[in-house]
Amino acid sequence: MLFVISIGGSVLARDLNPERFKKYASMLEELSQEHSIVVVTGGGVAARQYIETARQIGANEVTCDFIGIDVTRLNAQLLIAALGKNAYPEPPLNYKDAELALASGKIVVMGGVIPGQTTDMVSAVLAEYLRADMMVIATSVDGVYSSDPATDENARKFDVMTPKELLDVVISTEMKAGSKSPVDPLAAKMIERCNIDTIVMDGTQPEMISNVVRQECAKSKPVEGIKPGTRITTK
Ligand code: UTP
């Protein structure tokens, strides 16, 4: 099976801990023995800091995005370094190059592509383009909530939802000042268009990602203690 895995910078690159990169690399190596894997890395704290500094200097938002993209690619390069010979040696800079890189049989790791979006959008476009069997969004929250759990104590977590429901929830969450959804609206729209099953999950422990993927392949019931996140599907 082909999996596109979006690993948020907030989980992979919180503090540039080398051990963390190595742990995610081991998990991906294990998964790649049975599956094809494309990983999209986020920018995390470093991207936010660079962007904030650029903004204060007076850079426009597109310039800030380019800087963010560079940081996502640096995180991709760190993960590639941790994967060694198991990874395609460079982060592809666009979707077509990602397709060519995948043909090498190695794990493909890339960051952002163009301004005006996030790496979740990159993952969703890649999933559609490469005809992935599934997309995993590994982030710092454990699923999609009816509203932002950080600002609303009545927020309710979805176990399963349709792409249309995801889009509605994401748009209404993002409309509220200060609230943030785990999937950005553009990516939610793309998930609706490509209709590829997607799991939004807590990715802070790499083994949780491999457990969810394995569970998915075996179509087995959730193992106790494993939070499966939110499944977005029309099936
Ligand atoms: P992300 O927002 O995707 O990374 O990219 P993140 O901060 O790791 O995401 P979370 O919060 O953990 O989920 C960082 C920045 O890079 C730019 C945007 O400015 C984005 O905010 N970017 C990224 C682009 O402009 N285009 C891309 O294709 C990807």
# chains A, B, ... in the order shown; residues from 1 in each chain; ligands from 1

call {"tool": "residues_near_ligand", "arguments": {"ligand": "ligand 1", "cutoff": "8 Å", "atoms": "only C-alpha atoms and all ligand atoms", "output": "number ranges by chain"}}
result
A: 7-11, 13, 41-45, 47-48, 51, 61-62, 64-72, 111-122, 139-140, 182-183

call {"tool": "select_by_dssp", "arguments": {"residues": "segment 57-234 of chain A", "states": "strand (DSSP E or B)", "output": "MDAnalysis selection string"}}
result
chainID A and resid 87 107:110 134:139 145 157 160:161 198:202 230:232

call {"tool": "write_last_selection", "arguments": {"atoms": "N, CA and C atoms", "output": "mmCIF file, in the first residue's frame"}}
result
data_model
loop_
_atom_site.group_PDB
_atom_site.id
_atom_site.type_symbol
_atom_site.label_atom_id
_atom_site.label_comp_id
_atom_site.auth_asym_id
_atom_site.auth_seq_id
_atom_site.Cartn_x
_atom_site.Cartn_y
_atom_site.Cartn_z
ATOM 1 N N ALA A 87 16.412 6.425 2.416
ATOM 2 C CA ALA A 87 15.639 7.569 1.904
ATOM 3 C C ALA A 87 16.167 8.023 0.555
ATOM 4 N N ILE A 107 12.213 5.636 0.637
ATOM 5 C CA ILE A 107 11.267 6.513 1.340
ATOM 6 C C ILE A 107 11.502 7.937 0.820
ATOM 7 N N VAL A 108 10.432 8.603 0.430
ATOM 8 C CA VAL A 108 10.560 9.975 -0.090
ATOM 9 C C VAL A 108 10.148 10.939 1.023
ATOM 10 N N VAL A 109 10.997 11.925 1.291
ATOM 11 C CA VAL A 109 10.690 12.923 2.326
ATOM 12 C C VAL A 109 10.794 14.307 1.694
ATOM 13 N N MET A 110 9.749 15.097 1.841
ATOM 14 C CA MET A 110 9.789 16.452 1.280
ATOM 15 C C MET A 110 9.101 17.452 2.198
ATOM 16 N N MET A 134 -3.885 5.761 1.370
ATOM 17 C CA MET A 134 -4.315 6.442 2.588
ATOM 18 C C MET A 134 -3.393 7.593 2.929
ATOM 19 N N MET A 135 -3.960 8.595 3.597
ATOM 20 C CA MET A 135 -3.143 9.711 4.076
ATOM 21 C C MET A 135 -3.244 9.742 5.609
ATOM 22 N N VAL A 136 -2.108 10.014 6.243
ATOM 23 C CA VAL A 136 -2.089 10.147 7.705
ATOM 24 C C VAL A 136 -1.591 11.546 8.026
ATOM 25 N N ILE A 137 -2.349 12.281 8.829
ATOM 26 C CA ILE A 137 -1.894 13.598 9.282
ATOM 27 C C ILE A 137 -1.526 13.441 10.758
ATOM 28 N N ALA A 138 -0.213 13.365 11.003
ATOM 29 C CA ALA A 138 0.276 13.165 12.371
ATOM 30 C C ALA A 138 0.582 14.545 12.949
ATOM 31 N N THR A 139 -0.195 14.914 13.953
ATOM 32 C CA THR A 139 -0.091 16.280 14.457
ATOM 33 C C THR A 139 -0.083 16.286 15.984
ATOM 34 N N TYR A 145 -11.936 17.900 16.244
ATOM 35 C CA TYR A 145 -12.972 18.233 17.230
ATOM 36 C C TYR A 145 -14.017 19.141 16.591
ATOM 37 N N LYS A 157 -14.842 15.252 20.158
ATOM 38 C CA LYS A 157 -13.966 14.627 19.149
ATOM 39 C C LYS A 157 -14.760 13.692 18.226
ATOM 40 N N VAL A 160 -15.198 9.213 13.453
ATOM 41 C CA VAL A 160 -15.302 9.077 11.993
ATOM 42 C C VAL A 160 -16.086 10.270 11.474
ATOM 43 N N MET A 161 -15.730 10.772 10.319
ATOM 44 C CA MET A 161 -16.505 11.854 9.691
ATOM 45 C C MET A 161 -16.289 11.818 8.179
ATOM 46 N N THR A 198 -8.408 9.356 5.176
ATOM 47 C CA THR A 198 -7.387 10.130 5.890
ATOM 48 C C THR A 198 -7.573 9.935 7.385
ATOM 49 N N ILE A 199 -6.463 9.770 8.089
ATOM 50 C CA ILE A 199 -6.537 9.707 9.555
ATOM 51 C C ILE A 199 -5.798 10.909 10.117
ATOM 52 N N VAL A 200 -6.489 11.667 10.964
ATOM 53 C CA VAL A 200 -5.852 12.785 11.676
ATOM 54 C C VAL A 200 -5.585 12.269 13.078
ATOM 55 N N MET A 201 -4.341 12.266 13.489
ATOM 56 C CA MET A 201 -4.012 11.624 14.763
ATOM 57 C C MET A 201 -2.882 12.320 15.520
ATOM 58 N N ASP A 202 -2.794 11.968 16.795
ATOM 59 C CA ASP A 202 -1.689 12.420 17.632
ATOM 60 C C ASP A 202 -0.415 11.727 17.138
ATOM 61 N N THR A 230 -9.027 10.583 14.275
ATOM 62 C CA THR A 230 -10.289 10.743 13.536
ATOM 63 C C THR A 230 -10.096 10.209 12.134
ATOM 64 N N ARG A 231 -11.031 9.371 11.704
ATOM 65 C CA ARG A 231 -10.967 8.823 10.354
ATOM 66 C C ARG A 231 -11.902 9.617 9.449
ATOM 67 N N ILE A 232 -11.369 10.093 8.321
ATOM 68 C CA ILE A 232 -12.191 10.858 7.374
ATOM 69 C C ILE A 232 -12.419 9.956 6.163
#

call {"tool": "atom_distance", "arguments": {"atom1": "atom CA of Thr234 of chain A", "atom2": "atom CA of Thr162 of chain A"}}
result
5.4 Å

call {"tool": "residues_around", "arguments": {"residues": "Glu34 of chain A", "least_positions_apart": "5", "cutoff": "10 Å", "atoms": "only C-alpha atoms", "output": "PyMOL selection string"}}
result
chain A and resi 1-2+29+214

call {"tool": "residues_around", "arguments": {"residues": "Pro163 of chain A", "least_positions_apart": "3", "cutoff": "10 Å", "atoms": "only C-alpha atoms", "output": "number ranges by chain"}}
result
A: 160, 166-169, 188-198, 231-234

call {"tool": "closest_residue", "arguments": {"among": "A:Ser6, A:Ser181, A:Ser210, A:Asn60", "to": "Glu30 of chain A", "atoms": "only C-alpha atoms"}}
result
A:Ser210

call {"tool": "atom_distance", "arguments": {"atom1": "atom CA of Thr63 of chain A", "atom2": "atom CA of Val125 of chain A"}}
result
22.3 Å

call {"tool": "atom_distance", "arguments": {"atom1": "atom CA of Ala103 of chain A", "atom2": "atom CA of Gly203 of chain A"}}
result
26.7 Å

call {"tool": "select_by_dssp", "arguments": {"residues": "segment 72-213 of chain A", "states": "helix (DSSP H, G or I)", "output": "mmCIF file with N, CA and C atoms, in the first residue's frame"}}
result
data_model
loop_
_atom_site.group_PDB
_atom_site.id
_atom_site.type_symbol
_atom_site.label_atom_id
_atom_site.label_comp_id
_atom_site.auth_asym_id
_atom_site.auth_seq_id
_atom_site.Cartn_x
_atom_site.Cartn_y
_atom_site.Cartn_z
ATOM 1 N N THR A 72 10.721 23.912 6.276
ATOM 2 C CA THR A 72 10.132 22.553 6.159
ATOM 3 C C THR A 72 11.112 21.640 5.411
ATOM 4 N N ARG A 73 11.828 22.203 4.449
ATOM 5 C CA ARG A 73 12.795 21.385 3.695
ATOM 6 C C ARG A 73 14.023 21.042 4.537
ATOM 7 N N LEU A 74 14.388 21.948 5.433
ATOM 8 C CA LEU A 74 15.504 21.629 6.349
ATOM 9 C C LEU A 74 15.104 20.458 7.249
ATOM 10 N N ASN A 75 13.855 20.492 7.747
ATOM 11 C CA ASN A 75 13.393 19.372 8.580
ATOM 12 C C ASN A 75 13.364 18.081 7.767
ATOM 13 N N ALA A 76 12.976 18.200 6.484
ATOM 14 C CA ALA A 76 12.983 17.013 5.613
ATOM 15 C C ALA A 76 14.410 16.480 5.491
ATOM 16 N N GLN A 77 15.373 17.393 5.371
ATOM 17 C CA GLN A 77 16.764 16.946 5.220
ATOM 18 C C GLN A 77 17.288 16.268 6.479
ATOM 19 N N LEU A 78 16.834 16.750 7.639
ATOM 20 C CA LEU A 78 17.245 16.086 8.887
ATOM 21 C C LEU A 78 16.691 14.667 8.937
ATOM 22 N N LEU A 79 15.421 14.511 8.529
ATOM 23 C CA LEU A 79 14.819 13.177 8.550
ATOM 24 C C LEU A 79 15.507 12.273 7.519
ATOM 25 N N ILE A 80 15.853 12.853 6.363
ATOM 26 C CA ILE A 80 16.574 12.075 5.337
ATOM 27 C C ILE A 80 17.931 11.617 5.899
ATOM 28 N N ALA A 81 18.596 12.519 6.619
ATOM 29 C CA ALA A 81 19.894 12.152 7.208
ATOM 30 C C ALA A 81 19.711 10.999 8.191
ATOM 31 N N ALA A 82 18.611 11.041 8.957
ATOM 32 C CA ALA A 82 18.368 9.973 9.937
ATOM 33 C C ALA A 82 18.016 8.658 9.240
ATOM 34 N N LEU A 83 17.408 8.733 8.060
ATOM 35 C CA LEU A 83 17.011 7.518 7.328
ATOM 36 C C LEU A 83 18.177 6.923 6.538
ATOM 37 N N GLY A 84 19.196 7.720 6.279
ATOM 38 C CA GLY A 84 20.372 7.223 5.546
ATOM 39 C C GLY A 84 20.007 6.667 4.179
ATOM 40 N N LYS A 85 20.534 5.476 3.873
ATOM 41 C CA LYS A 85 20.352 4.911 2.523
ATOM 42 C C LYS A 85 18.905 4.501 2.240
ATOM 43 N N ASN A 86 18.067 4.477 3.263
ATOM 44 C CA ASN A 86 16.665 4.095 3.037
ATOM 45 C C ASN A 86 15.836 5.222 2.434
ATOM 46 N N TYR A 95 5.661 18.186 -7.041
ATOM 47 C CA TYR A 95 4.930 16.918 -7.030
ATOM 48 C C TYR A 95 5.462 15.929 -8.071
ATOM 49 N N LYS A 96 5.842 16.439 -9.238
ATOM 50 C CA LYS A 96 6.342 15.535 -10.282
ATOM 51 C C LYS A 96 7.663 14.905 -9.864
ATOM 52 N N ASP A 97 8.521 15.718 -9.239
ATOM 53 C CA ASP A 97 9.794 15.156 -8.778
ATOM 54 C C ASP A 97 9.551 14.131 -7.663
ATOM 55 N N ALA A 98 8.494 14.341 -6.894
ATOM 56 C CA ALA A 98 8.161 13.364 -5.837
ATOM 57 C C ALA A 98 7.779 12.029 -6.477
ATOM 58 N N GLU A 99 7.053 12.099 -7.584
ATOM 59 C CA GLU A 99 6.654 10.869 -8.278
ATOM 60 C C GLU A 99 7.891 10.129 -8.795
ATOM 61 N N LEU A 100 8.834 10.889 -9.374
ATOM 62 C CA LEU A 100 10.059 10.266 -9.878
ATOM 63 C C LEU A 100 10.864 9.665 -8.722
ATOM 64 N N ALA A 101 10.912 10.397 -7.611
ATOM 65 C CA ALA A 101 11.671 9.912 -6.452
ATOM 66 C C ALA A 101 11.058 8.616 -5.909
ATOM 67 N N LEU A 102 9.742 8.536 -5.930
ATOM 68 C CA LEU A 102 9.061 7.343 -5.406
ATOM 69 C C LEU A 102 9.427 6.108 -6.226
ATOM 70 N N THR A 119 1.876 22.359 4.749
ATOM 71 C CA THR A 119 2.331 21.029 4.323
ATOM 72 C C THR A 119 1.186 20.003 4.340
ATOM 73 N N ASP A 120 0.094 20.278 5.052
ATOM 74 C CA ASP A 120 -1.069 19.361 4.969
ATOM 75 C C ASP A 120 -1.621 19.385 3.552
ATOM 76 N N MET A 121 -1.641 20.562 2.955
ATOM 77 C CA MET A 121 -2.112 20.692 1.579
ATOM 78 C C MET A 121 -1.172 19.931 0.635
ATOM 79 N N VAL A 122 0.135 20.054 0.864
ATOM 80 C CA VAL A 122 1.098 19.314 0.039
ATOM 81 C C VAL A 122 0.785 17.816 0.115
ATOM 82 N N SER A 123 0.528 17.341 1.329
ATOM 83 C CA SER A 123 0.237 15.907 1.516
ATOM 84 C C SER A 123 -1.020 15.502 0.768
ATOM 85 N N ALA A 124 -2.057 16.345 0.845
ATOM 86 C CA ALA A 124 -3.325 15.994 0.197
ATOM 87 C C ALA A 124 -3.177 15.977 -1.328
ATOM 88 N N VAL A 125 -2.424 16.949 -1.869
ATOM 89 C CA VAL A 125 -2.208 16.967 -3.330
ATOM 90 C C VAL A 125 -1.387 15.737 -3.742
ATOM 91 N N LEU A 126 -0.353 15.441 -2.963
ATOM 92 C CA LEU A 126 0.471 14.265 -3.257
ATOM 93 C C LEU A 126 -0.349 12.989 -3.208
ATOM 94 N N ALA A 127 -1.222 12.893 -2.194
ATOM 95 C CA ALA A 127 -2.040 11.681 -2.042
ATOM 96 C C ALA A 127 -2.894 11.482 -3.284
ATOM 97 N N GLU A 128 -3.454 12.591 -3.788
ATOM 98 C CA GLU A 128 -4.282 12.477 -4.993
ATOM 99 C C GLU A 128 -3.412 12.147 -6.214
ATOM 100 N N TYR A 129 -2.304 12.878 -6.348
ATOM 101 C CA TYR A 129 -1.452 12.724 -7.533
ATOM 102 C C TYR A 129 -0.839 11.324 -7.621
ATOM 103 N N PRO A 163 -15.519 13.764 4.449
ATOM 104 C CA PRO A 163 -14.726 14.936 4.062
ATOM 105 C C PRO A 163 -15.559 16.216 4.103
ATOM 106 N N LYS A 164 -16.848 16.123 3.759
ATOM 107 C CA LYS A 164 -17.711 17.316 3.772
ATOM 108 C C LYS A 164 -17.866 17.820 5.214
ATOM 109 N N GLU A 165 -18.059 16.869 6.149
ATOM 110 C CA GLU A 165 -18.169 17.270 7.562
ATOM 111 C C GLU A 165 -16.869 17.903 8.036
ATOM 112 N N LEU A 166 -15.729 17.337 7.578
ATOM 113 C CA LEU A 166 -14.430 17.914 7.957
ATOM 114 C C LEU A 166 -14.348 19.363 7.491
ATOM 115 N N LEU A 167 -14.713 19.575 6.240
ATOM 116 C CA LEU A 167 -14.634 20.919 5.664
ATOM 117 C C LEU A 167 -15.498 21.899 6.464
ATOM 118 N N ASP A 168 -16.732 21.488 6.784
ATOM 119 C CA ASP A 168 -17.630 22.368 7.547
ATOM 120 C C ASP A 168 -17.031 22.719 8.914
ATOM 121 N N VAL A 169 -16.491 21.695 9.595
ATOM 122 C CA VAL A 169 -15.930 21.914 10.937
ATOM 123 C C VAL A 169 -14.699 22.820 10.865
ATOM 124 N N VAL A 170 -13.836 22.553 9.887
ATOM 125 C CA VAL A 170 -12.598 23.322 9.761
ATOM 126 C C VAL A 170 -12.917 24.791 9.475
ATOM 127 N N ILE A 171 -13.859 25.027 8.574
ATOM 128 C CA ILE A 171 -14.185 26.415 8.228
ATOM 129 C C ILE A 171 -14.802 27.130 9.432
ATOM 130 N N SER A 172 -15.727 26.464 10.143
ATOM 131 C CA SER A 172 -16.346 27.161 11.276
ATOM 132 C C SER A 172 -15.343 27.362 12.418
ATOM 133 N N THR A 173 -14.391 26.410 12.599
ATOM 134 C CA THR A 173 -13.369 26.591 13.656
ATOM 135 C C THR A 173 -12.454 27.763 13.302
ATOM 136 N N GLU A 174 -12.013 27.804 12.051
ATOM 137 C CA GLU A 174 -11.063 28.847 11.647
ATOM 138 C C GLU A 174 -11.693 30.248 11.652
ATOM 139 N N MET A 175 -13.043 30.285 11.533
ATOM 140 C CA MET A 175 -13.724 31.593 11.529
ATOM 141 C C MET A 175 -13.704 32.250 12.908
ATOM 142 N N PRO A 185 -8.035 24.751 5.945
ATOM 143 C CA PRO A 185 -9.202 24.664 5.054
ATOM 144 C C PRO A 185 -8.878 24.209 3.625
ATOM 145 N N LEU A 186 -7.734 24.678 3.080
ATOM 146 C CA LEU A 186 -7.380 24.250 1.716
ATOM 147 C C LEU A 186 -7.156 22.741 1.660
ATOM 148 N N ALA A 187 -6.446 22.229 2.674
ATOM 149 C CA ALA A 187 -6.181 20.784 2.709
ATOM 150 C C ALA A 187 -7.489 20.012 2.876
ATOM 151 N N ALA A 188 -8.409 20.559 3.705
ATOM 152 C CA ALA A 188 -9.703 19.889 3.901
ATOM 153 C C ALA A 188 -10.458 19.822 2.581
ATOM 154 N N LYS A 189 -10.388 20.887 1.811
ATOM 155 C CA LYS A 189 -11.061 20.920 0.504
ATOM 156 C C LYS A 189 -10.445 19.870 -0.423
ATOM 157 N N MET A 190 -9.134 19.763 -0.379
ATOM 158 C CA MET A 190 -8.451 18.784 -1.236
ATOM 159 C C MET A 190 -8.775 17.354 -0.799
ATOM 160 N N ILE A 191 -8.915 17.133 0.500
ATOM 161 C CA ILE A 191 -9.289 15.796 0.993
ATOM 162 C C ILE A 191 -10.683 15.442 0.474
ATOM 163 N N GLU A 192 -11.556 16.462 0.432
ATOM 164 C CA GLU A 192 -12.906 16.227 -0.087
ATOM 165 C C GLU A 192 -12.830 15.866 -1.583
ATOM 166 N N ARG A 193 -11.962 16.562 -2.307
ATOM 167 C CA ARG A 193 -11.868 16.328 -3.752
ATOM 168 C C ARG A 193 -11.260 14.962 -4.065
ATOM 169 N N CYS A 194 -10.174 14.615 -3.365
ATOM 170 C CA CYS A 194 -9.495 13.365 -3.736
ATOM 171 C C CYS A 194 -10.174 12.144 -3.118
ATOM 172 N N PRO A 206 6.146 8.254 17.677
ATOM 173 C CA PRO A 206 6.217 7.628 16.351
ATOM 174 C C PRO A 206 5.536 6.270 16.278
ATOM 175 N N GLU A 207 5.610 5.476 17.382
ATOM 176 C CA GLU A 207 5.015 4.134 17.311
ATOM 177 C C GLU A 207 3.496 4.191 17.163
ATOM 178 N N MET A 208 2.900 5.314 17.575
ATOM 179 C CA MET A 208 1.448 5.432 17.393
ATOM 180 C C MET A 208 1.112 5.498 15.903
ATOM 181 N N ILE A 209 1.992 6.114 15.132
ATOM 182 C CA ILE A 209 1.753 6.212 13.681
ATOM 183 C C ILE A 209 1.842 4.812 13.061
ATOM 184 N N SER A 210 2.894 4.062 13.422
ATOM 185 C CA SER A 210 3.019 2.725 12.817
ATOM 186 C C SER A 210 1.890 1.812 13.272
ATOM 187 N N ASN A 211 1.446 1.960 14.519
ATOM 188 C CA ASN A 211 0.330 1.124 14.997
ATOM 189 C C ASN A 211 -0.937 1.401 14.205
ATOM 190 N N VAL A 212 -1.189 2.675 13.953
ATOM 191 C CA VAL A 212 -2.404 3.036 13.215
ATOM 192 C C VAL A 212 -2.326 2.502 11.784
ATOM 193 N N VAL A 213 -1.153 2.608 11.161
ATOM 194 C CA VAL A 213 -0.995 2.109 9.788
ATOM 195 C C VAL A 213 -1.197 0.587 9.768
#
